[in-house]
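Everything on this sheet refers to the single structure shown next.
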Amino acid sequence: MQNAVLITIGDEILSGNTVDTNSNFIATELKNIGVKVVQIFTISDEIEIIKNTLKSAFELGDLVITTGGLGPTRDDKTKKALAEFFDDEIALDEVTFEHLKGYMERRGRIEILERNREQAFVPTKSTVFQNHYGTAPCMMMEKDGKLSFSLPGVPYEVKPLIKDQIIPYLKDKFNLNYISTRIVSVVGIPESILADTIEDWELALPENLALSYLPVGTRVKLRLTATGTDDEVLQNQLEHEIQKLFPIIGENIIATSEDKIEKILSEILNEKDLTISTAESCTGGYLAQMLTSNPGSSKYFIGGVVAYATQKKTDILHVSEGTIERFTVVSREVSREMADGCQSLFKSDISLSTTGVAGPGKGEDGKEVGLVYYTINVNNQSETFKLHLPHLDRQDFIYFVSQKIIQDLVGILISK
């Protein structure tokens with residue numbers, strides 16, 4: 001078993017009302033056991049569409065995993081499509097019904113058992129993996145030596161089914177290859193120039209290694225993926241190839257393992273035993289959210305202030321009213337005073353500040369949408385930066401600016 005196909009079923013995904021996080025999670029878990037996702041389909045909950053997609057999926061891969069489309073009523077189209085596709089019929093599974101009954105009893109909801117009884121009806125040829133966090137079971141079916149798993153769509157039900165049941169089952173049943181991945185984070189060099197610079201290195205990679213370029217803001221992540229039967233050998237192989245990059249672009253490399261920039265920063269802060277605080281306006285607390293997303297962040301993150309209103313910049317961060325009157329609230333000078341006030345307030349080694357116009361309208365002082373100033377204070381050294389990003393919508397602006405600030409801080413810290 002080498003290739004997998006994922007199928008997300010549901011109009012709520014197609015309409016954009018719900019984000020498909022399941023596919024990302026499942027693909028990552030499969031990658032870790034050597035199964036590569038070669039296609040992801042997102043389709044509506046219609047019997048013929050589901051059947052046609054299953055047919056395409058089995059032509060592309062050895063493993064098919066569907067999420068969504070499993071409901072508690074008899075008009076559940078996904079089960080009907082599965083039964084028709086596998087030339088089967090749907091019937092009550094007593095074991096699943098007893099599991100469902102126990103699930104309802106534990107939650108004090110036994111009065112709605114009959115309303116959910118249809119969840120215990122499954123294709124007769126299926127092997128059921130019981131759902132311990134919801135009412136819809138997972139059903140495994142086989143066709144010409146290939147497997148399909150049909151899961152509910154709720155992420156907190158999908159994750160334990162995949163991690164605790166499906167992945168162990170696949171590992172036990174098949175002799176799978178390992179897939180090992182390393183991320184090299186590169187800054188200060190555009191993607192096209194980077195590709196030209198490392199072309200000879202890339203062309204000389206062993207056949208079992210693949211390289212992908214993944215731009216994130218102004219950073220480029222080089223993802224190296226190795227496939228083989230011995231994970232230790234693969235890890236050594238990846239490290240050997242990464243070391244070859246340092247003579248070529250070493251000054252542009254900020255990390256060679258972690259993926260997320262906030263995780264890279266957390267390792268540096270822990271290593272250098274530094275603390276950090278934030279004073280945010282236009283980023284609305286997103287910087288603090290990124291910094292606290294890592295386990296153990298309480299060791300280095302002291303606190304943060306979202307001083308959104310102009311007066312609060314003065315009241316809390318002690319930004320001078322004269323500075324605001326002279327330079328306006330979106331200015332280099334206000335950004336600097338926000339960072340200074342934050343560092344003084346929290347007594348942190350590092351402070352970060354943001355002031356800008358996220359949009360969609362201009363700022364109260366008439367500043368253009370997409371303008372932002374941010375300051376990075378590291379002990380007694382301070383540097384303020386300016387960006388103008390009028391092409392980004394509000395959420396993309398907040399995300400890009402926050403990523404860029406942390407990336408710049410990482411660059412400053414590793415240069416010391």
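By order of appearance in the structure tokens: chains A, B, ..., then residues from 1 within every chain, and ligands from 1 in the order shown.
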
Practice item. Write out as number ranges by chain each polymer residue whose atoms come within 8 Å of Gly69 of chain A, counting only C-alpha atoms; drop sequence neighbours fewer than 4 positions from it. Key: A: 9-10, 45, 76-78, 152-153

Could you take the residues named above and write them with all heavy atoms, as a compact mmCIF listing (two decimals), in the first residue's frame?
```
# COMPACT_ATOMS: atom_id res chain seq x y z
N ILE A 9 -16.81 14.91 1.82
CA ILE A 9 -18.19 14.96 1.34
C ILE A 9 -18.97 16.00 2.14
O ILE A 9 -19.00 15.95 3.37
CB ILE A 9 -18.87 13.58 1.49
CG1 ILE A 9 -18.08 12.50 0.75
CG2 ILE A 9 -20.31 13.63 0.99
CD1 ILE A 9 -18.55 11.08 1.01
N GLY A 10 -19.60 16.94 1.42
CA GLY A 10 -20.44 17.91 2.13
C GLY A 10 -20.54 19.24 1.43
O GLY A 10 -19.52 19.81 1.03
N ASP A 45 -22.99 15.85 -1.40
CA ASP A 45 -23.57 14.63 -0.83
C ASP A 45 -24.67 14.11 -1.76
O ASP A 45 -25.86 14.15 -1.43
CB ASP A 45 -24.13 14.94 0.56
CG ASP A 45 -24.56 13.69 1.30
OD1 ASP A 45 -24.34 12.59 0.77
OD2 ASP A 45 -25.10 13.81 2.42
N ASP A 76 -29.58 9.11 4.51
CA ASP A 76 -28.11 9.22 4.46
C ASP A 76 -27.61 8.69 3.12
O ASP A 76 -27.64 7.49 2.86
CB ASP A 76 -27.50 8.44 5.62
CG ASP A 76 -25.99 8.39 5.56
OD1 ASP A 76 -25.41 9.15 4.77
OD2 ASP A 76 -25.41 7.59 6.29
N LYS A 77 -27.14 9.60 2.27
CA LYS A 77 -26.77 9.21 0.90
C LYS A 77 -25.41 8.54 0.83
O LYS A 77 -25.16 7.75 -0.09
CB LYS A 77 -26.82 10.44 0.00
CG LYS A 77 -28.21 11.04 -0.12
CD LYS A 77 -28.19 12.35 -0.88
CE LYS A 77 -29.58 12.98 -0.91
NZ LYS A 77 -29.57 14.31 -1.58
N THR A 78 -24.54 8.83 1.76
CA THR A 78 -23.20 8.23 1.72
C THR A 78 -23.26 6.72 1.92
O THR A 78 -22.63 5.96 1.18
CB THR A 78 -22.29 8.88 2.78
OG1 THR A 78 -22.18 10.27 2.53
CG2 THR A 78 -20.90 8.26 2.74
N PRO A 152 -17.09 9.89 9.86
CA PRO A 152 -17.88 11.11 10.00
C PRO A 152 -17.02 12.32 9.68
O PRO A 152 -15.80 12.19 9.48
CB PRO A 152 -18.31 11.08 11.47
CG PRO A 152 -17.28 10.24 12.15
CD PRO A 152 -16.87 9.20 11.13
N GLY A 153 -17.62 13.49 9.66
CA GLY A 153 -16.86 14.69 9.26
C GLY A 153 -16.39 15.56 10.39
O GLY A 153 -15.56 16.45 10.18
```

Practice item. Can you list, as a PyMOL selection string, all residues belonging to segment 139-336 of chain A that DSSP tags as strand (DSSP E or B)? Key: chain A and resi 139-143+146-151+178-187+209-216+219-228+253-255+276-280+301-306

Non-local contacts of Lys312 of chain A (12 Å; only C-alpha atoms; under 5 positions in same chain excluded) as an mmCIF file with N, CA and C atoms, in the first residue's frame:
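New file around_14.cif:
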```
data_model
loop_
_atom_site.group_PDB
_atom_site.id
_atom_site.type_symbol
_atom_site.label_atom_id
_atom_site.label_comp_id
_atom_site.auth_asym_id
_atom_site.auth_seq_id
_atom_site.Cartn_x
_atom_site.Cartn_y
_atom_site.Cartn_z
ATOM 1 N N ALA A 279 2.763 44.363 22.367
ATOM 2 C CA ALA A 279 1.850 45.507 22.403
ATOM 3 C C ALA A 279 1.281 45.647 21.002
ATOM 4 N N GLU A 280 0.023 45.262 20.840
ATOM 5 C CA GLU A 280 -0.551 45.180 19.498
ATOM 6 C C GLU A 280 -1.704 46.159 19.305
ATOM 7 N N SER A 281 -1.785 46.631 18.073
ATOM 8 C CA SER A 281 -2.944 47.413 17.667
ATOM 9 C C SER A 281 -3.576 46.737 16.455
ATOM 10 N N VAL A 305 -0.627 43.258 25.435
ATOM 11 C CA VAL A 305 -1.664 44.281 25.486
ATOM 12 C C VAL A 305 -2.168 44.511 24.071
ATOM 13 N N VAL A 306 -3.501 44.500 23.893
ATOM 14 C CA VAL A 306 -4.090 44.923 22.628
ATOM 15 C C VAL A 306 -4.648 46.320 22.863
ATOM 16 N N ALA A 307 -3.814 47.321 22.616
ATOM 17 C CA ALA A 307 -4.193 48.721 22.829
ATOM 18 C C ALA A 307 -4.773 49.251 21.521
ATOM 19 N N LEU A 317 0.304 52.031 27.749
ATOM 20 C CA LEU A 317 1.690 51.902 27.269
ATOM 21 C C LEU A 317 2.476 53.202 27.396
ATOM 22 N N HIS A 318 1.803 54.242 27.866
ATOM 23 C CA HIS A 318 2.454 55.537 28.107
ATOM 24 C C HIS A 318 3.055 56.142 26.843
ATOM 25 N N VAL A 319 2.371 55.921 25.712
ATOM 26 C CA VAL A 319 2.768 56.625 24.492
ATOM 27 C C VAL A 319 2.426 58.096 24.672
ATOM 28 N N SER A 320 3.336 58.970 24.350
ATOM 29 C CA SER A 320 3.144 60.405 24.543
ATOM 30 C C SER A 320 2.026 60.940 23.639
ATOM 31 N N GLU A 321 1.109 61.720 24.227
ATOM 32 C CA GLU A 321 0.066 62.360 23.420
ATOM 33 C C GLU A 321 0.683 63.311 22.402
ATOM 34 N N VAL A 329 -1.080 58.310 14.944
ATOM 35 C CA VAL A 329 -1.007 57.052 15.687
ATOM 36 C C VAL A 329 -0.343 55.944 14.874
ATOM 37 N N MET A 338 5.331 52.405 21.838
ATOM 38 C CA MET A 338 4.520 51.251 22.261
ATOM 39 C C MET A 338 5.407 50.104 22.725
ATOM 40 N N GLY A 341 7.072 51.045 26.013
ATOM 41 C CA GLY A 341 6.121 50.969 27.116
ATOM 42 C C GLY A 341 5.798 49.542 27.492
#
```

Review point. Which of these residues is nearest to Ser277 of chain A, using only C-alpha atoms: A:Leu291, A:Ile110, A:Val330, A:Leu205?
Key: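 So, comparing all the options, the nearest one is A:Leu291.
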
Contacts of Glu333 of chain A at 9 Å (only C-alpha atoms; same-chain gap of 4+ positions) as a PDB file with N, CA, C and O atoms, in the first residue's frame:
```
ATOM      1  N   THR A 323       3.531  62.865  20.875  1.00  0.00           N
ATOM      2  CA  THR A 323       4.032  62.047  19.768  1.00  0.00           C
ATOM      3  C   THR A 323       2.903  61.703  18.805  1.00  0.00           C
ATOM      4  O   THR A 323       3.062  61.774  17.579  1.00  0.00           O
ATOM      5  N   ILE A 324       1.745  61.344  19.370  1.00  0.00           N
ATOM      6  CA  ILE A 324       0.594  60.995  18.524  1.00  0.00           C
ATOM      7  C   ILE A 324       0.124  62.211  17.738  1.00  0.00           C
ATOM      8  O   ILE A 324      -0.166  62.122  16.532  1.00  0.00           O
ATOM      9  N   PHE A 327       3.005  62.982  14.994  1.00  0.00           N
ATOM     10  CA  PHE A 327       3.334  61.997  13.957  1.00  0.00           C
ATOM     11  C   PHE A 327       2.146  61.131  13.532  1.00  0.00           C
ATOM     12  O   PHE A 327       2.258  60.356  12.589  1.00  0.00           O
ATOM     13  N   THR A 328       1.016  61.213  14.214  1.00  0.00           N
ATOM     14  CA  THR A 328      -0.183  60.372  14.057  1.00  0.00           C
ATOM     15  C   THR A 328       0.042  58.998  14.696  1.00  0.00           C
ATOM     16  O   THR A 328       1.180  58.580  14.940  1.00  0.00           O
ATOM     17  N   VAL A 329      -1.080  58.310  14.944  1.00  0.00           N
ATOM     18  CA  VAL A 329      -1.007  57.052  15.687  1.00  0.00           C
ATOM     19  C   VAL A 329      -0.343  55.944  14.874  1.00  0.00           C
ATOM     20  O   VAL A 329       0.271  55.023  15.440  1.00  0.00           O
ATOM     21  N   GLU A 337       7.446  53.859  20.784  1.00  0.00           N
ATOM     22  CA  GLU A 337       7.035  54.125  22.153  1.00  0.00           C
ATOM     23  C   GLU A 337       6.130  53.016  22.703  1.00  0.00           C
ATOM     24  O   GLU A 337       6.144  52.732  23.909  1.00  0.00           O
ATOM     25  N   MET A 338       5.331  52.405  21.838  1.00  0.00           N
ATOM     26  CA  MET A 338       4.520  51.251  22.261  1.00  0.00           C
ATOM     27  C   MET A 338       5.407  50.104  22.725  1.00  0.00           C
ATOM     28  O   MET A 338       5.150  49.486  23.769  1.00  0.00           O
ATOM     29  N   THR A 384      12.761  49.535  14.174  1.00  0.00           N
ATOM     30  CA  THR A 384      11.387  49.706  13.706  1.00  0.00           C
ATOM     31  C   THR A 384      11.336  49.528  12.187  1.00  0.00           C
ATOM     32  O   THR A 384      12.208  50.021  11.465  1.00  0.00           O
TER      33      THR A 384
END
```

Counting only C-alpha atoms, give me one row per residue of segment 83-191 of chain A with an atom at most 10 Å from an atom of segment 28-34 of chain A, showing the shortest contact pair and its distance in Å to one decimal, sorted by chain then residue number, as JSON lines.
```
{"residue": "A:Lys159", "atom": "CA", "partner": "A:Glu29", "partner_atom": "CA", "distance": 9.6}
{"residue": "A:Ile162", "atom": "CA", "partner": "A:Glu29", "partner_atom": "CA", "distance": 7.8}
{"residue": "A:Lys163", "atom": "CA", "partner": "A:Glu29", "partner_atom": "CA", "distance": 7.4}
{"residue": "A:Ile166", "atom": "CA", "partner": "A:Leu30", "partner_atom": "CA", "distance": 9.8}
{"residue": "A:Ile167", "atom": "CA", "partner": "A:Leu30", "partner_atom": "CA", "distance": 7.4}
{"residue": "A:Pro168", "atom": "CA", "partner": "A:Ile33", "partner_atom": "CA", "distance": 9.6}
{"residue": "A:Leu170", "atom": "CA", "partner": "A:Ile33", "partner_atom": "CA", "distance": 8.6}
{"residue": "A:Lys171", "atom": "CA", "partner": "A:Ile33", "partner_atom": "CA", "distance": 7.2}
{"residue": "A:Asn175", "atom": "CA", "partner": "A:Gly34", "partner_atom": "CA", "distance": 9.6}
{"residue": "A:Leu176", "atom": "CA", "partner": "A:Gly34", "partner_atom": "CA", "distance": 5.8}
{"residue": "A:Asn177", "atom": "CA", "partner": "A:Gly34", "partner_atom": "CA", "distance": 4.7}
{"residue": "A:Tyr178", "atom": "CA", "partner": "A:Gly34", "partner_atom": "CA", "distance": 4.5}
{"residue": "A:Ile179", "atom": "CA", "partner": "A:Gly34", "partner_atom": "CA", "distance": 4.7}
{"residue": "A:Ser180", "atom": "CA", "partner": "A:Asn32", "partner_atom": "CA", "distance": 7.1}
{"residue": "A:Thr181", "atom": "CA", "partner": "A:Asn32", "partner_atom": "CA", "distance": 8.9}
```

Exercise for review: Excluding Val158 of chain A and residues on its chain fewer than 2 positions from it, collect all residues at most 10 Å away from it, counting only C-alpha atoms, and give them as number ranges by chain.
Suggested key: A: 22, 25-26, 67-68, 131, 133-134, 138, 151-156, 160-163

**Study point:** All residues 9 Å or closer to Val378 of chain A, only C-alpha atoms, same chain fewer than 6 positions away omitted, as a list in words
**Key:**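 Once the adjacent positions are removed, what remains is Ile276, Asp349, Ile350, Ser351, Leu352, Leu409, Ile412 and Leu413 of chain A.
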
Residue subset to file, keeping N, CA, C and O atoms, as a PDB file, in the first residue's frame:
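What ended up in part.pdb:
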```
ATOM      1  N   ILE A 276       9.495  37.470  26.521  1.00  0.00           N
ATOM      2  CA  ILE A 276       8.951  38.309  25.458  1.00  0.00           C
ATOM      3  C   ILE A 276       7.567  38.802  25.835  1.00  0.00           C
ATOM      4  O   ILE A 276       6.823  38.141  26.569  1.00  0.00           O
ATOM      5  N   ASP A 349      12.630  40.711  28.287  1.00  0.00           N
ATOM      6  CA  ASP A 349      13.861  40.936  27.521  1.00  0.00           C
ATOM      7  C   ASP A 349      13.550  41.466  26.125  1.00  0.00           C
ATOM      8  O   ASP A 349      14.319  42.241  25.551  1.00  0.00           O
ATOM      9  N   ILE A 350      12.423  41.011  25.573  1.00  0.00           N
ATOM     10  CA  ILE A 350      12.032  41.377  24.208  1.00  0.00           C
ATOM     11  C   ILE A 350      10.609  41.918  24.241  1.00  0.00           C
ATOM     12  O   ILE A 350       9.760  41.421  24.979  1.00  0.00           O
ATOM     13  N   SER A 351      10.353  42.937  23.422  1.00  0.00           N
ATOM     14  CA  SER A 351       8.982  43.399  23.233  1.00  0.00           C
ATOM     15  C   SER A 351       8.733  43.646  21.751  1.00  0.00           C
ATOM     16  O   SER A 351       9.641  44.040  21.015  1.00  0.00           O
ATOM     17  N   LEU A 352       7.496  43.400  21.344  1.00  0.00           N
ATOM     18  CA  LEU A 352       7.084  43.598  19.954  1.00  0.00           C
ATOM     19  C   LEU A 352       5.877  44.517  19.940  1.00  0.00           C
ATOM     20  O   LEU A 352       4.989  44.405  20.785  1.00  0.00           O
ATOM     21  N   LEU A 409      12.350  38.722  14.029  1.00  0.00           N
ATOM     22  CA  LEU A 409      12.922  38.521  15.366  1.00  0.00           C
ATOM     23  C   LEU A 409      13.842  37.311  15.389  1.00  0.00           C
ATOM     24  O   LEU A 409      14.936  37.362  15.981  1.00  0.00           O
ATOM     25  N   ILE A 412      17.111  38.307  13.902  1.00  0.00           N
ATOM     26  CA  ILE A 412      17.904  39.133  14.819  1.00  0.00           C
ATOM     27  C   ILE A 412      18.559  38.278  15.888  1.00  0.00           C
ATOM     28  O   ILE A 412      19.750  38.438  16.208  1.00  0.00           O
ATOM     29  N   LEU A 413      17.797  37.339  16.453  1.00  0.00           N
ATOM     30  CA  LEU A 413      18.323  36.525  17.558  1.00  0.00           C
ATOM     31  C   LEU A 413      19.413  35.570  17.118  1.00  0.00           C
ATOM     32  O   LEU A 413      20.379  35.339  17.865  1.00  0.00           O
TER      33      LEU A 413
END
```

Study note, to complete from the structure: Using only C-alpha atoms, the shortest atom-to-atom distance to Val220 of chain A among A:Asp20, A:Asp259, A:Glu157, A:Asp365 belongs to A:Asp259

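For the residues A:Leu147, A:Val128, A:Leu274, A:Leu14, ranking by smallest atom-to-atom distance to Phe174 of chain A using only C-alpha atoms places A:Leu147 first.
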
Point to revise | Sel. of helix (DSSP H, G or I) residues, segment 308-338 of chain A, as a count of residues only | key: 20

Exercise for review: Between atom CA of Glu89 of chain A and atom CA of Lys101 of chain A, measure the distance and give it in Å to one decimal.
Suggested key: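 Taking atom CA of Glu89 of chain A as the start and atom CA of Lys101 of chain A as the end point, the length is 22.9 Å.
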
Review point. Using only C-alpha atoms, which of A:Ile242, A:Ile189, A:Ile40, A:Leu345 sits nearest Gly217 of chain A?
Key: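 When distances to Gly217 of chain A are compared using only C-alpha atoms, the smallest one comes from A:Ile189.
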
Non-local contacts of Pro137 of chain A (9 Å; only C-alpha atoms; under 5 positions in same chain excluded) as an mmCIF file with N, CA, C and O atoms, in the first residue's frame:
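Full text of part_39.cif as output:
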```cif
data_model
loop_
_atom_site.group_PDB
_atom_site.id
_atom_site.type_symbol
_atom_site.label_atom_id
_atom_site.label_comp_id
_atom_site.auth_asym_id
_atom_site.auth_seq_id
_atom_site.Cartn_x
_atom_site.Cartn_y
_atom_site.Cartn_z
ATOM 1 N N LEU A 70 -22.223 11.417 6.793
ATOM 2 C CA LEU A 70 -22.837 10.338 7.576
ATOM 3 C C LEU A 70 -23.773 10.950 8.610
ATOM 4 O O LEU A 70 -23.323 11.594 9.560
ATOM 5 N N THR A 96 -22.860 -2.487 16.840
ATOM 6 C CA THR A 96 -22.812 -1.028 16.718
ATOM 7 C C THR A 96 -23.959 -0.376 17.477
ATOM 8 O O THR A 96 -23.787 0.671 18.125
ATOM 9 N N LEU A 100 -23.708 2.253 20.472
ATOM 10 C CA LEU A 100 -24.417 3.526 20.418
ATOM 11 C C LEU A 100 -25.267 3.729 21.674
ATOM 12 O O LEU A 100 -25.304 4.828 22.242
ATOM 13 N N GLN A 119 -27.935 5.262 12.839
ATOM 14 C CA GLN A 119 -26.477 5.265 12.781
ATOM 15 C C GLN A 119 -25.912 3.860 12.884
ATOM 16 O O GLN A 119 -24.782 3.597 12.465
ATOM 17 N N ALA A 120 -26.669 2.949 13.455
ATOM 18 C CA ALA A 120 -26.206 1.565 13.605
ATOM 19 C C ALA A 120 -26.507 0.713 12.380
ATOM 20 O O ALA A 120 -26.155 -0.469 12.341
ATOM 21 N N VAL A 122 -25.464 -0.259 8.786
ATOM 22 C CA VAL A 122 -24.226 -0.159 8.006
ATOM 23 C C VAL A 122 -24.270 -1.185 6.880
ATOM 24 O O VAL A 122 -25.037 -2.163 6.938
ATOM 25 N N VAL A 128 -16.741 -2.601 11.042
ATOM 26 C CA VAL A 128 -17.034 -1.353 11.751
ATOM 27 C C VAL A 128 -15.941 -1.033 12.768
ATOM 28 O O VAL A 128 -15.524 -1.897 13.546
ATOM 29 N N PHE A 129 -15.481 0.216 12.730
ATOM 30 C CA PHE A 129 -14.597 0.761 13.765
ATOM 31 C C PHE A 129 -15.465 1.713 14.592
ATOM 32 O O PHE A 129 -15.937 2.728 14.077
ATOM 33 N N GLN A 130 -15.693 1.363 15.850
ATOM 34 C CA GLN A 130 -16.635 2.134 16.646
ATOM 35 C C GLN A 130 -16.098 3.531 16.970
ATOM 36 O O GLN A 130 -14.905 3.717 17.226
ATOM 37 N N ASN A 131 -17.011 4.489 16.937
ATOM 38 C CA ASN A 131 -16.704 5.888 17.210
ATOM 39 C C ASN A 131 -16.972 6.164 18.689
ATOM 40 O O ASN A 131 -18.102 6.090 19.145
ATOM 41 N N HIS A 132 -15.935 6.491 19.451
ATOM 42 C CA HIS A 132 -16.073 6.714 20.890
ATOM 43 C C HIS A 132 -16.388 8.170 21.228
ATOM 44 O O HIS A 132 -16.556 8.512 22.397
ATOM 45 N N SER A 150 -14.797 4.916 5.664
ATOM 46 C CA SER A 150 -15.750 6.026 5.630
ATOM 47 C C SER A 150 -15.958 6.538 7.046
ATOM 48 O O SER A 150 -16.445 5.813 7.920
ATOM 49 N N LEU A 151 -15.580 7.790 7.271
ATOM 50 C CA LEU A 151 -15.617 8.397 8.595
ATOM 51 C C LEU A 151 -16.631 9.530 8.643
ATOM 52 O O LEU A 151 -16.964 10.117 7.613
ATOM 53 N N PRO A 152 -17.085 9.885 9.855
ATOM 54 C CA PRO A 152 -17.885 11.112 9.998
ATOM 55 C C PRO A 152 -17.016 12.322 9.685
ATOM 56 O O PRO A 152 -15.799 12.189 9.481
#
```

Practice item. May I ask for the distance between atom CA of Thr197 of chain A and atom CA of Leu387 of chain A, given in Å to one decimal place? Key: 27.1 Å
